[in-house]
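J.: Below is the file model.cif, with mmCIF, C-alpha atoms and all ligand atoms.
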data_upload
#
loop_
_atom_site.label_atom_id
_atom_site.label_comp_id
_atom_site.auth_asym_id
_atom_site.auth_seq_id
_atom_site.Cartn_x
_atom_site.Cartn_y
_atom_site.Cartn_z
CA MET A 1 -1.84 -21.55 14.37
CA THR A 2 0.19 -19.04 16.35
CA LYS A 3 -1.84 -16.11 17.61
CA VAL A 4 0.36 -13.11 16.91
CA PHE A 5 -2.22 -10.38 17.39
CA ASN A 6 -4.51 -9.51 20.28
CA LYS A 7 -6.76 -6.59 21.18
CA LYS A 8 -4.30 -5.04 23.62
CA GLN A 9 -1.88 -4.17 20.85
CA LYS A 10 -1.89 -0.74 19.27
CA ILE A 11 -3.50 -0.51 15.84
CA GLY A 12 -0.42 1.10 14.29
CA GLU A 13 1.82 -1.55 15.84
CA ILE A 14 -0.20 -4.34 14.21
CA ALA A 15 0.00 -2.59 10.85
CA THR A 16 3.75 -2.16 11.25
CA ILE A 17 4.31 -5.86 11.94
CA PHE A 18 1.86 -6.84 9.21
CA PRO A 19 1.33 -4.18 6.49
CA LYS A 20 -1.62 -6.04 4.94
CA ALA A 21 -3.53 -5.74 8.22
CA THR A 22 -4.61 -2.39 6.81
CA ASP A 23 -6.90 -4.27 4.36
CA VAL A 24 -8.67 -5.84 7.34
CA PHE A 25 -8.82 -2.47 9.12
CA MET A 26 -10.36 -0.88 6.03
CA LYS A 27 -12.97 -3.63 5.92
CA TYR A 28 -13.98 -2.95 9.53
CA ASN A 29 -13.67 0.82 9.08
CA ILE A 30 -10.92 1.02 11.69
CA ASP A 31 -8.81 4.15 11.51
CA PHE A 32 -5.21 2.93 11.35
CA CYS A 33 -3.40 6.14 10.49
CA CYS A 34 -4.52 8.99 12.74
CA GLY A 35 -6.04 6.54 15.23
CA GLY A 36 -3.03 4.23 15.02
CA ASP A 37 -1.84 5.11 18.47
CA ARG A 38 -4.84 3.49 20.20
CA PRO A 39 -5.14 -0.12 21.35
CA LEU A 40 -7.29 -2.25 19.08
CA SER A 41 -9.73 -2.86 21.97
CA GLU A 42 -10.77 0.81 21.84
CA ALA A 43 -11.94 0.55 18.24
CA ILE A 44 -13.66 -2.78 19.01
CA ASP A 45 -15.64 -1.25 21.89
CA GLU A 46 -16.45 2.05 20.23
CA GLN A 47 -17.54 0.58 16.91
CA ASN A 48 -19.19 -2.57 18.27
CA ILE A 49 -16.94 -4.83 16.25
CA ASN A 50 -17.11 -8.61 16.66
CA GLU A 51 -13.81 -9.13 18.44
CA GLU A 52 -13.44 -12.83 17.69
CA ASN A 53 -13.97 -12.41 13.96
CA LEU A 54 -11.60 -9.47 13.72
CA ILE A 55 -8.75 -11.05 15.70
CA SER A 56 -8.98 -14.39 13.93
CA GLU A 57 -9.13 -12.68 10.54
CA LEU A 58 -5.96 -10.74 11.37
CA ASN A 59 -4.14 -13.86 12.58
CA GLU A 60 -5.29 -16.03 9.67
CA LYS A 61 -4.27 -13.45 7.07
CA TYR A 62 -0.92 -13.04 8.79
CA GLU A 63 -0.33 -16.78 8.74
CA ILE A 64 -1.08 -16.90 5.01
CA PHE A 65 1.18 -13.89 4.45
CA ARG A 66 4.06 -15.53 6.29
CA ASN A 67 3.71 -18.68 4.24
CA GLU A 68 3.89 -16.76 1.00
CA VAL A 69 7.10 -15.46 -0.46
CA SER A 70 6.36 -11.79 0.01
CA GLN A 71 7.51 -8.99 -2.23
CA GLU A 72 6.55 -6.44 0.36
CA LYS A 73 9.37 -4.55 2.00
CA ASP A 74 9.78 -4.35 5.72
CA TRP A 75 9.95 -0.56 6.02
CA THR A 76 11.14 -0.73 9.60
CA GLN A 77 14.46 -2.05 8.26
CA GLU A 78 15.06 0.17 5.21
CA SER A 79 16.84 3.52 5.22
CA TYR A 80 14.84 6.73 5.81
CA THR A 81 15.85 7.85 2.34
CA ASP A 82 14.44 4.74 0.64
CA LEU A 83 11.21 4.97 2.58
CA ILE A 84 10.84 8.69 1.76
CA ASP A 85 11.50 8.07 -1.93
CA TYR A 86 8.91 5.32 -1.90
CA ILE A 87 6.31 7.58 -0.23
CA VAL A 88 6.94 10.40 -2.71
CA ASN A 89 6.97 8.18 -5.78
CA LYS A 90 3.96 6.14 -4.85
CA HIS A 91 1.70 8.27 -2.69
CA HIS A 92 2.59 11.90 -3.44
CA SER A 93 2.50 11.24 -7.19
CA TYR A 94 -0.87 9.57 -6.88
CA MET A 95 -2.33 12.58 -5.04
CA LYS A 96 -0.97 15.01 -7.63
CA GLU A 97 -2.70 13.00 -10.32
CA VAL A 98 -6.00 12.19 -8.62
CA LEU A 99 -6.85 15.48 -6.86
CA PRO A 100 -7.39 17.60 -10.02
CA ILE A 101 -9.45 14.85 -11.70
CA THR A 102 -11.62 14.49 -8.62
CA THR A 103 -12.10 18.27 -8.31
CA ASP A 104 -13.69 18.22 -11.77
CA LEU A 105 -15.86 15.22 -10.91
CA VAL A 106 -17.08 16.73 -7.65
CA SER A 107 -18.06 19.98 -9.43
CA LYS A 108 -19.71 18.08 -12.25
CA ILE A 109 -22.02 16.01 -10.03
CA LEU A 110 -22.90 19.04 -7.95
CA GLN A 111 -24.06 20.76 -11.11
CA VAL A 112 -25.96 17.79 -12.58
CA HIS A 113 -27.56 16.50 -9.37
CA TYR A 114 -28.13 19.78 -7.56
CA GLU A 115 -31.88 19.41 -7.48
CA GLU A 116 -32.12 16.04 -5.74
CA SER A 117 -28.76 15.84 -3.89
CA GLY A 118 -27.70 19.49 -3.56
CA ASP A 119 -27.48 19.43 0.24
CA VAL A 120 -25.05 16.54 0.46
CA LEU A 121 -23.11 17.41 -2.68
CA SER A 122 -22.55 21.05 -1.68
CA LYS A 123 -20.95 19.81 1.52
CA VAL A 124 -18.88 17.21 -0.32
CA HIS A 125 -17.75 19.93 -2.75
CA SER A 126 -16.70 22.27 0.01
CA LEU A 127 -15.03 19.60 2.17
CA PHE A 128 -13.20 18.09 -0.77
CA ASN A 129 -11.86 21.46 -1.86
CA SER A 130 -10.50 22.20 1.59
CA LEU A 131 -8.98 18.72 1.67
CA ARG A 132 -7.28 19.35 -1.67
CA THR A 133 -5.93 22.74 -0.60
CA GLU A 134 -4.57 21.27 2.62
CA ILE A 135 -3.02 18.21 1.02
CA GLU A 136 -1.32 20.24 -1.72
CA ALA A 137 0.36 22.54 0.77
CA HIS A 138 1.19 19.57 2.99
CA LEU A 139 2.96 17.65 0.21
CA ILE A 140 5.04 20.71 -0.62
CA LYS A 141 6.00 21.16 3.02
CA GLU A 142 7.10 17.52 3.23
CA GLU A 143 9.00 17.55 -0.03
CA GLU A 144 10.65 20.95 0.43
CA ILE A 145 11.30 21.06 4.17
CA LEU A 146 10.69 17.89 6.14
CA PHE A 147 12.02 15.13 3.90
CA PRO A 148 15.25 16.93 2.92
CA ARG A 149 15.95 17.54 6.64
CA ILE A 150 15.46 13.84 7.43
CA LYS A 151 17.69 12.79 4.53
CA GLU A 152 20.35 15.26 5.64
CA TYR A 153 20.12 13.90 9.17
CA GLU A 154 20.55 10.37 7.88
CA LYS A 155 23.75 11.35 6.04
CA ALA A 156 25.24 13.34 8.90
CA PRO A 157 23.31 12.88 12.16
CA SER A 158 23.30 15.82 14.57
CA LYS A 159 21.09 16.83 17.46
CA SER A 160 20.16 20.18 15.88
CA LEU A 161 19.07 18.60 12.58
CA LEU A 162 17.03 16.00 14.45
CA ASP A 163 15.32 18.66 16.58
CA GLU A 164 14.51 20.69 13.51
CA ALA A 165 13.08 17.66 11.69
CA ILE A 166 10.98 16.65 14.70
CA LYS A 167 9.54 20.15 15.01
CA VAL A 168 8.32 20.15 11.39
CA MET A 169 7.21 16.55 11.77
CA GLU A 170 4.90 17.45 14.64
CA GLU A 171 3.20 20.07 12.47
CA THR A 172 2.76 17.60 9.64
CA GLU A 173 1.29 15.06 12.06
CA ASN A 174 -1.40 17.57 12.99
CA GLU A 175 -2.10 18.13 9.32
CA HIS A 176 -2.57 14.38 8.92
CA ASP A 177 -5.21 14.48 11.65
CA ASN A 178 -7.03 17.31 9.85
CA ALA A 179 -7.05 15.46 6.54
CA GLY A 180 -8.26 12.31 8.28
CA ASP A 181 -11.07 14.28 9.96
CA ILE A 182 -12.24 15.78 6.65
CA LEU A 183 -12.33 12.33 5.06
CA LYS A 184 -14.30 10.93 7.98
CA GLU A 185 -16.77 13.79 7.62
CA ILE A 186 -17.19 13.14 3.87
CA ARG A 187 -17.77 9.44 4.60
CA LYS A 188 -20.35 10.33 7.21
CA ILE A 189 -22.39 12.82 5.17
CA THR A 190 -22.42 10.55 2.11
CA ASN A 191 -23.64 7.68 4.28
CA ASP A 192 -20.53 5.61 3.56
CA TYR A 193 -20.49 6.69 -0.07
CA GLU A 194 -23.95 5.46 -0.83
CA VAL A 195 -24.90 6.48 -4.37
CA PRO A 196 -28.60 7.50 -4.52
CA SER A 197 -30.89 5.69 -6.98
CA THR A 198 -30.95 8.86 -9.10
CA GLY A 199 -27.13 8.86 -9.30
CA CYS A 200 -25.53 8.36 -12.72
CA PHE A 201 -22.26 6.75 -13.79
CA THR A 202 -20.29 9.95 -13.04
CA PHE A 203 -21.79 10.01 -9.56
CA GLU A 204 -20.56 6.45 -8.95
CA LYS A 205 -17.16 7.25 -10.37
CA THR A 206 -16.80 10.31 -8.14
CA TYR A 207 -17.60 8.35 -4.99
CA GLU A 208 -15.23 5.62 -6.11
CA LYS A 209 -12.41 8.16 -6.58
CA LEU A 210 -13.08 9.67 -3.17
CA GLN A 211 -12.83 6.23 -1.60
CA ASN A 212 -9.60 5.52 -3.48
CA ILE A 213 -8.21 8.81 -2.16
CA GLU A 214 -9.23 7.80 1.35
CA SER A 215 -7.57 4.39 1.27
CA ASP A 216 -4.41 5.65 -0.43
CA LEU A 217 -4.10 8.52 2.01
CA PHE A 218 -4.55 6.21 4.99
CA GLN A 219 -1.72 3.96 3.71
CA HIS A 220 0.40 7.04 3.09
CA ILE A 221 -0.19 8.55 6.53
CA HIS A 222 0.41 5.15 8.13
CA LEU A 223 3.89 4.98 6.56
CA GLU A 224 4.66 8.50 7.76
CA ASN A 225 3.12 8.49 11.25
CA ASN A 226 3.63 4.92 12.38
CA ILE A 227 6.89 4.05 10.66
CA LEU A 228 8.94 7.03 9.51
CA PHE A 229 8.08 9.40 12.37
CA GLU A 230 8.06 6.72 15.04
CA ARG A 231 11.54 5.61 14.02
CA LEU A 232 12.81 9.17 13.94
CA LYS A 233 11.44 9.91 17.41
CA ARG A 234 13.34 6.93 18.82
CA ASN A 235 16.70 8.52 17.94
FE FE B 1 3.34 12.53 2.59
FE FE B 2 2.10 13.57 5.25
#
Write out the structure in this file as structure tokens.
T.:
Amino acid sequence: MTKVFNKKQKIGEIATIFPKATDVFMKYNIDFCCGGDRPLSEAIDEQNINEENLISELNEKYEIFRNEVSQEKDWTQESYTDLIDYIVNKHHSYMKEVLPITTDLVSKILQVHYEESGDVLSKVHSLFNSLRTEIEAHLIKEEEILFPRIKEYEKAPSKSLLDEAIKVMEETENEHDNAGDILKEIRKITNDYEVPSTGCFTFEKTYEKLQNIESDLFQHIHLENNILFERLKRN
């Protein structure tokens, strides 16, 4: 078997070569969107990850992936416009649908389980609401300002359009870091989304939704930070 990946490579680079590596990163709790710029060895050392298992898992999965006829697109080769449309249709739409539902769930469990879990759930409630507010404004900024600029640049490239797009892009990258930090904080205070024994079905469903939001957002930020923005910066 050819060993394609090693610990010296950057996390985002691995995920760009092999999009499904993000499943392995999720399993090991490795941050591949905001922490994508770091070499894999840093995550291995910091999080005490078994290096051999992780590297062989990545290489084995990649080998299987290469032997399959894959439907997955190589986003490093598609146009900016196609990638942007994909991000908006898949990830922005998902957020617009899931955030309001989860707001209701988070309020509901705070109310029902206040007595036993009030401390944790008050924090989850407050963190989630700031996350929602930030993401909503962020999606609008991307859809109204950033993405149209990039599409315009793709149609008629000019230095001034590129500079303008990169300036907005840098702001949105910082916003990605903030969202990632809030999600990490929620994961930490819920003890990796551990539902207490007193938790009901709604409690479980709420934690499940929050985890779905986390993994979808990480995929979404990965496509923006590591692929779209990286490509744009190379112009
Ligand atoms: Fe986005
Ligand atoms: Fe974004």
J.: Go through chain A residue by residue and, counting only C-alpha atoms and all ligand atoms, keep those with an atom at most 9 Å from ligand FE 2 (chain B); for each kept residue give the shortest atom pair and its distance in Å to one decimal, ordered by chain and increasing number, as CSV.
T.:
residue,atom,partner,partner_atom,distance
A:His92,CA,B:FE2,FE,8.9
A:Ile135,CA,B:FE2,FE,8.1
A:His138,CA,B:FE2,FE,6.5
A:Leu139,CA,B:FE2,FE,6.5
A:Lys141,CA,B:FE2,FE,8.8
A:Glu142,CA,B:FE2,FE,6.7
A:Met169,CA,B:FE2,FE,8.8
A:Thr172,CA,B:FE2,FE,6.0
A:Glu173,CA,B:FE2,FE,7.0
A:Glu175,CA,B:FE2,FE,7.4
A:His176,CA,B:FE2,FE,6.0
A:Leu217,CA,B:FE2,FE,8.6
A:His220,CA,B:FE2,FE,7.1
A:Ile221,CA,B:FE2,FE,5.7
A:Leu223,CA,B:FE2,FE,8.9
A:Glu224,CA,B:FE2,FE,6.2
A:Asn225,CA,B:FE2,FE,7.9
J.: Mind dumping the selected residues with C-alpha atoms as a PDB file, in the coordinates of the input?
T.:
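Written output follows (part.pdb):
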ATOM      1  CA  HIS A  92       2.590  11.900  -3.440  1.00  0.00           C
ATOM      2  CA  ILE A 135      -3.020  18.210   1.020  1.00  0.00           C
ATOM      3  CA  HIS A 138       1.190  19.570   2.990  1.00  0.00           C
ATOM      4  CA  LEU A 139       2.960  17.650   0.210  1.00  0.00           C
ATOM      5  CA  LYS A 141       6.000  21.160   3.020  1.00  0.00           C
ATOM      6  CA  GLU A 142       7.100  17.520   3.230  1.00  0.00           C
ATOM      7  CA  MET A 169       7.210  16.550  11.770  1.00  0.00           C
ATOM      8  CA  THR A 172       2.760  17.600   9.640  1.00  0.00           C
ATOM      9  CA  GLU A 173       1.290  15.060  12.060  1.00  0.00           C
ATOM     10  CA  GLU A 175      -2.100  18.130   9.320  1.00  0.00           C
ATOM     11  CA  HIS A 176      -2.570  14.380   8.920  1.00  0.00           C
ATOM     12  CA  LEU A 217      -4.100   8.520   2.010  1.00  0.00           C
ATOM     13  CA  HIS A 220       0.400   7.040   3.090  1.00  0.00           C
ATOM     14  CA  ILE A 221      -0.190   8.550   6.530  1.00  0.00           C
ATOM     15  CA  LEU A 223       3.890   4.980   6.560  1.00  0.00           C
ATOM     16  CA  GLU A 224       4.660   8.500   7.760  1.00  0.00           C
ATOM     17  CA  ASN A 225       3.120   8.490  11.250  1.00  0.00           C
TER      18      ASN A 225
END
J.: Smallest atom-to-atom distance to A:Asn6: which of A:Ser126, A:Asn59, A:Thr22, A:Asn29, using only C-alpha atoms?
T.: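 Under the stated criterion, the closest residue is A:Asn59.
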J.: Just the number, please: distance in Å from atom CA of A:Glu51 to atom CA of A:Arg187, one decimal.
T.: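 Those two atoms sit 23.5 Å apart.
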J.: Tell me which of A:Val124, A:Leu232, A:Ala21, A:Leu110 sits closest to A:Glu164, counting all atoms listed in the file.
T.: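 So, comparing all the options, the nearest one is A:Leu232.
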J.: Between atom CA of A:Ser158 and atom CA of A:Ser79, what is the distance, to one decimal in Å?
T.: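 That distance, rounded to one decimal, is 16.7 Å.
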J.: Which one of A:Met95, A:Leu58, A:Ile87, A:Val168 sits closest to A:Ile14 if you count all atoms listed in the file?
T.: A:Leu58
J.: Just to confirm, what's the straight-line distance from atom CA of A:Leu99 to atom CA of A:Thr206 in Å (one decimal)?
T.: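 According to the coordinates, atom CA of A:Leu99 and atom CA of A:Thr206 are separated by 11.3 Å.
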J.: Between A:Tyr153, A:Tyr94, A:Tyr114, A:Phe201, which has the minimum distance to ligand FE 1 (chain B) (counting all atoms listed in the file)?
T.: A:Tyr94
J.: So which one's closest to A:His222, A:Ile11, A:Val120, A:Cys33, A:Val4? Using all atoms listed in the file, please.
T.: A:Cys33
J.: Which residue out of A:Thr133, A:Pro19, A:His113, A:Glu214 has the minimum interatomic distance to A:Asp181 when only C-alpha atoms are used?
T.: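 Distance minimum relative to A:Asp181 lands on A:Glu214.
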J.: List every protein, DNA or RNA residue that has at least one atom no more than 7 Å from (2.2, 4.1, 15.0) in the file's coordinates, counting all atoms listed in the file, and write the result as number ranges by chain.
T.: A: 12-13, 36-37, 225-227, 230
J.: Near A:Lys167, within 12 Å and counting all atoms listed in the file, which residues show up once chain neighbours fewer than 6 positions away are dropped, as a PyMOL selection string?
T.: chain A and resi 145-146+149-150+160-161+173-174+229+232-233
J.: Mind checking which residues fall within 9 Å of A:Leu54, counting only C-alpha atoms, ignoring those fewer than 2 positions away in the same chain, and posting them as a ChimeraX atom specification?
T.: /A:24-25,28,44,49-52,56-59
J.: How would the residues just picked look written out with C-alpha atoms as a PDB file, in the coordinates of the input?
T.:
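For reference, result.pdb as written:
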ATOM      1  CA  VAL A  24      -8.670  -5.840   7.340  1.00  0.00           C
ATOM      2  CA  PHE A  25      -8.820  -2.470   9.120  1.00  0.00           C
ATOM      3  CA  TYR A  28     -13.980  -2.950   9.530  1.00  0.00           C
ATOM      4  CA  ILE A  44     -13.660  -2.780  19.010  1.00  0.00           C
ATOM      5  CA  ILE A  49     -16.940  -4.830  16.250  1.00  0.00           C
ATOM      6  CA  ASN A  50     -17.110  -8.610  16.660  1.00  0.00           C
ATOM      7  CA  GLU A  51     -13.810  -9.130  18.440  1.00  0.00           C
ATOM      8  CA  GLU A  52     -13.440 -12.830  17.690  1.00  0.00           C
ATOM      9  CA  SER A  56      -8.980 -14.390  13.930  1.00  0.00           C
ATOM     10  CA  GLU A  57      -9.130 -12.680  10.540  1.00  0.00           C
ATOM     11  CA  LEU A  58      -5.960 -10.740  11.370  1.00  0.00           C
ATOM     12  CA  ASN A  59      -4.140 -13.860  12.580  1.00  0.00           C
TER      13      ASN A  59
END
J.: Would you mind listing what lies within 7 Å of stretch 182-184 of chain A as a PyMOL selection string, with only C-alpha atoms counted and same-chain residues fewer than 2 positions away left out?
T.: chain A and resi 127+131+178-180+186-188+214
J.: How would you write as a list in words the residues that get within 12 Å of (11.9, -2.7, 8.4) in the file's frame, counting only C-alpha atoms?
T.: Thr16, Ile17, Phe18, Pro19, Glu72, Lys73, Asp74, Trp75, Thr76, Gln77, Glu78, Ser79, Tyr80, Asp82, Leu83, Leu223, Asn226, Ile227, Leu228 and Arg231 of chain A
